[in-house]
$ cat my_file12.txt   # compact mmCIF, C-alpha atoms
# COMPACT_ATOMS: atom_id res chain seq x y z
CA MET A 536 -15.64 22.05 -38.45
CA ALA A 537 -13.53 24.51 -36.51
CA THR A 538 -11.28 23.44 -33.66
CA LYS A 539 -10.32 25.31 -30.55
CA ASP A 540 -7.46 24.82 -28.15
CA LYS A 541 -7.91 23.77 -24.56
CA ILE A 542 -4.96 24.02 -22.21
CA THR A 543 -4.60 21.13 -19.80
CA SER A 544 -2.11 21.77 -16.99
CA ASP A 545 -1.01 21.17 -13.42
CA ILE A 546 1.55 22.71 -11.06
CA ILE A 547 3.85 20.80 -8.72
CA ARG A 548 5.53 22.75 -5.92
CA PHE A 549 8.71 21.53 -4.22
CA LYS A 550 11.81 22.61 -2.29
CA GLY A 551 15.48 22.38 -3.03
CA HIS A 552 18.09 20.66 -0.83
CA TYR A 553 21.84 21.03 -0.32
CA ASN A 554 22.47 17.51 -1.72
CA ILE A 555 20.94 18.25 -5.13
CA ARG A 556 23.48 17.39 -7.83
CA ALA A 557 21.28 17.17 -10.94
CA THR A 558 23.87 15.31 -13.01
CA HIS A 559 21.84 12.35 -14.27
CA PRO A 560 22.03 12.06 -18.08
CA THR A 561 18.58 10.56 -18.75
CA THR A 562 16.11 11.40 -15.95
CA LEU A 563 14.93 14.08 -13.57
CA GLU A 564 12.87 13.48 -10.47
CA ILE A 565 10.83 15.37 -7.89
CA THR A 566 9.87 13.53 -4.71
CA LYS A 567 7.61 13.96 -1.69
CA ASP A 568 10.47 12.64 0.47
CA SER A 569 11.82 15.10 3.03
CA TRP A 570 15.47 14.11 2.58
CA LEU A 571 17.99 13.48 -0.17
CA THR A 572 21.34 11.71 -0.19
CA SER A 573 24.12 12.67 -2.58
CA ARG A 574 23.42 9.44 -4.51
CA GLY A 575 20.13 10.88 -5.84
CA ASP A 576 21.74 12.50 -8.86
CA CYS A 577 18.47 12.82 -10.83
CA ILE A 578 16.48 14.47 -8.02
CA ILE A 579 15.93 18.21 -8.38
CA GLY A 580 13.39 18.71 -5.58
CA ILE A 581 12.01 17.29 -2.35
CA LEU A 582 8.89 17.88 -0.24
CA SER A 583 6.81 17.96 -3.40
CA ASP A 584 3.11 18.64 -2.99
CA LYS A 585 2.26 16.09 -5.72
CA ALA A 586 3.38 12.77 -7.16
CA CYS A 587 2.17 11.08 -10.36
CA ASN A 588 -0.97 9.85 -8.60
CA ASP A 589 -1.91 13.41 -7.60
CA ILE A 590 -1.83 14.99 -11.07
CA ASN A 591 -5.26 16.29 -12.11
CA GLU A 592 -7.42 13.84 -14.05
CA ASP A 593 -7.67 15.91 -17.24
CA LEU A 594 -3.89 16.03 -17.54
CA LYS A 595 -3.58 12.32 -16.70
CA THR A 596 -5.99 11.51 -19.51
CA PHE A 597 -4.01 13.68 -21.91
CA ILE A 598 -0.69 12.11 -20.88
CA LYS A 599 -2.11 8.61 -21.29
CA SER A 600 -3.26 9.53 -24.80
CA GLY A 601 0.38 10.06 -25.81
CA GLY A 602 0.11 13.83 -26.01
CA GLU A 603 3.04 16.22 -26.13
CA LEU A 604 3.81 18.13 -22.93
CA VAL A 605 5.48 21.46 -22.33
CA ILE A 606 7.26 21.39 -18.98
CA THR A 607 8.47 24.58 -17.34
CA LEU A 608 10.74 24.62 -14.28
CA LEU A 609 10.49 27.85 -12.27
CA VAL A 610 12.93 28.68 -9.47
CA GLY A 611 13.28 32.24 -8.20
CA ASP A 612 13.42 34.51 -11.25
CA ARG A 613 14.80 31.71 -13.46
CA SER A 614 12.98 29.34 -15.77
CA PHE A 615 13.81 26.37 -17.97
CA GLN A 616 11.39 24.88 -20.50
CA PHE A 617 11.44 21.62 -22.44
CA ARG A 618 9.10 19.13 -24.09
CA ALA A 619 8.32 15.47 -23.38
CA LEU A 620 5.72 12.92 -24.41
CA GLY A 621 2.99 10.98 -22.70
CA ASP A 622 2.27 7.35 -23.56
CA ARG A 623 -0.72 5.01 -23.35
CA ARG A 624 1.37 2.60 -21.21
CA LEU A 625 1.88 5.13 -18.39
CA THR A 626 -0.03 4.31 -15.20
CA LEU A 627 0.70 7.56 -13.27
CA GLN A 628 0.05 5.72 -10.00
CA ASP A 629 3.12 6.43 -7.89
CA LYS A 630 2.25 8.23 -4.65
CA ARG A 631 5.78 9.43 -3.84
CA SER A 632 7.50 10.87 -6.90
CA ILE A 633 7.47 12.11 -10.49
CA VAL A 634 10.12 11.04 -12.98
CA ILE A 635 10.60 12.50 -16.45
CA ARG A 636 12.79 10.42 -18.77
CA LYS A 637 14.72 10.94 -22.00
CA THR A 638 14.26 7.23 -22.69
CA SER A 639 11.06 5.26 -23.30
CA PHE A 640 11.29 3.37 -19.99
CA ILE A 641 7.92 3.11 -18.20
CA SER A 642 7.32 2.61 -14.47
CA PRO A 643 4.58 3.78 -12.06
CA ARG A 644 6.85 6.78 -11.25
CA THR A 645 7.15 7.88 -14.90
CA LEU A 646 5.21 11.01 -15.82
CA ALA A 647 6.65 11.48 -19.32
CA ILE A 648 9.12 9.90 -21.74
CA LYS A 649 11.28 10.99 -24.69
CA SER A 650 12.06 14.23 -22.87
CA GLU A 651 14.28 16.86 -24.42
CA ALA A 652 15.96 17.34 -21.03
CA SER A 653 17.22 15.50 -17.96
CA ALA A 654 18.59 16.73 -14.65
CA ARG A 655 22.02 17.54 -16.10
CA ASP A 656 20.50 19.77 -18.80
CA ILE A 657 19.01 22.20 -16.28
CA PRO A 658 20.99 25.46 -16.17
CA ARG A 659 23.47 25.42 -13.30
CA GLU A 660 22.24 28.77 -11.92
CA ILE A 661 18.86 27.09 -11.27
CA ILE A 662 20.58 24.11 -9.62
CA GLU A 663 22.61 26.45 -7.40
CA LEU A 664 19.39 28.09 -6.19
CA LEU A 665 17.89 24.67 -5.46
CA LYS A 666 21.05 23.66 -3.54
CA LYS A 667 20.39 26.67 -1.31
CA GLY A 668 16.89 25.35 -0.54
CA ALA A 669 14.93 27.56 -2.92
CA GLU A 670 11.33 26.69 -3.66
CA GLY A 671 10.46 25.62 -7.17
CA MET A 672 7.51 24.85 -9.38
CA LEU A 673 7.14 22.43 -12.24
CA VAL A 674 4.36 23.52 -14.58
CA ILE A 675 3.20 20.68 -16.83
CA SER A 676 0.94 21.74 -19.67
CA SER A 677 -0.18 20.93 -23.15
CA VAL A 678 -2.53 22.12 -25.82
CA LYS A 679 -5.02 19.69 -27.28
CA LYS A 680 -7.47 20.11 -30.09
CA ILE A 681 -11.16 19.71 -29.34
CA LEU A 682 -13.74 19.62 -32.11
$ encode --input "my_file12.txt" --output "structure tokens"
Amino acid sequence: MATKDKITSDIIRFKGHYNIRATHPTTLEITKDSWLTSRGDCIIGILSDKACNDINEDLKTFIKSGGELVITLLVGDRSFQFRALGDRRLTLQDKRSIVIRKTSFISPRTLAIKSEASARDIPREIIELLKKGAEGMLVISSVKKIL
């Protein structure tokens, strides 16, 4: 029986903020909050149009199946791409933020685990644009086999 690929994806839009530091070694976060203190060293964007709870249902199902994700950060004319994994234990219920983790820690805010990248891995030219308030997009996608 032949298989064909179906792309499952979603886009999260957000804004930068002058307090973005992006120095956290194990996580990155995007939040719907309208403010950011300098203590939020994993946050790369605010005023997000989606949180975990808002991700489309097809992608949620794929993430909860443990599928591999390709995550692309787009800011201005710059991009940064990395991979992460879903997990059957993820609830994807948080209504305020999205967190991607290098570790296997699970919480309602966790979108993906075992990520290849965290906030500090993002190229500094992208972070500088976000510090100036640039708009960004996080494109979360994967390819799954369907019989």
$ residues_around --input "my_file12.txt" --residues "Arg659 of chain A" --least-positions-apart "4" --cutoff "12 Å" --atoms "only C-alpha atoms" --output "PDB file with C-alpha atoms, in the coordinates of the input"
ATOM      1  CA  ILE A 555      20.940  18.250  -5.130  1.00  0.00           C
ATOM      2  CA  ARG A 556      23.480  17.390  -7.830  1.00  0.00           C
ATOM      3  CA  ALA A 557      21.280  17.170 -10.940  1.00  0.00           C
ATOM      4  CA  THR A 558      23.870  15.310 -13.010  1.00  0.00           C
ATOM      5  CA  ILE A 579      15.930  18.210  -8.380  1.00  0.00           C
ATOM      6  CA  VAL A 610      12.930  28.680  -9.470  1.00  0.00           C
ATOM      7  CA  ARG A 613      14.800  31.710 -13.460  1.00  0.00           C
ATOM      8  CA  SER A 614      12.980  29.340 -15.770  1.00  0.00           C
ATOM      9  CA  PHE A 615      13.810  26.370 -17.970  1.00  0.00           C
ATOM     10  CA  ALA A 654      18.590  16.730 -14.650  1.00  0.00           C
ATOM     11  CA  ARG A 655      22.020  17.540 -16.100  1.00  0.00           C
ATOM     12  CA  GLU A 663      22.610  26.450  -7.400  1.00  0.00           C
ATOM     13  CA  LEU A 664      19.390  28.090  -6.190  1.00  0.00           C
ATOM     14  CA  LEU A 665      17.890  24.670  -5.460  1.00  0.00           C
ATOM     15  CA  LYS A 666      21.050  23.660  -3.540  1.00  0.00           C
TER      16      LYS A 666
END
$ residues_around --input "my_file12.txt" --residues "segment 584-589 of chain A" --least-positions-apart "5" --cutoff "7 Å" --atoms "all atoms listed in the file" --output "list in words"
Ile547, Arg548, Phe549, Thr566, Lys567, Leu627, Gln628, Asp629, Lys630, Arg631, Ser632, Ile633, Arg644 and Leu646 of chain A
$ closest_residue --input "my_file12.txt" --among "A:Met672, A:Thr645, A:Thr543, A:Glu660" --to "Leu594 of chain A" --atoms "all atoms listed in the file"
A:Thr543
$ atom_distance --input "my_file12.txt" --atom1 "atom CA of Glu592 of chain A" --atom2 "atom CA of Ser650 of chain A"
21.4 Å
$ atom_distance --input "my_file12.txt" --atom1 "atom CA of Lys637 of chain A" --atom2 "atom CA of Glu670 of chain A"
24.4 Å
$ atom_distance --input "my_file12.txt" --atom1 "atom CA of Ile661 of chain A" --atom2 "atom CA of Leu563 of chain A"
13.8 Å
$ closest_residue --input "my_file12.txt" --among "A:Arg636, A:Lys541, A:Arg618, A:Arg574" --to "Phe597 of chain A" --atoms "all atoms listed in the file"
A:Lys541
$ residues_around --input "my_file12.txt" --residues "Glu603 of chain A" --least-positions-apart "3" --cutoff "10 Å" --atoms "only C-alpha atoms" --output "VMD selection string"
chain A and resid 597 to 598 600 606 618 to 622 647 to 650 676 to 679
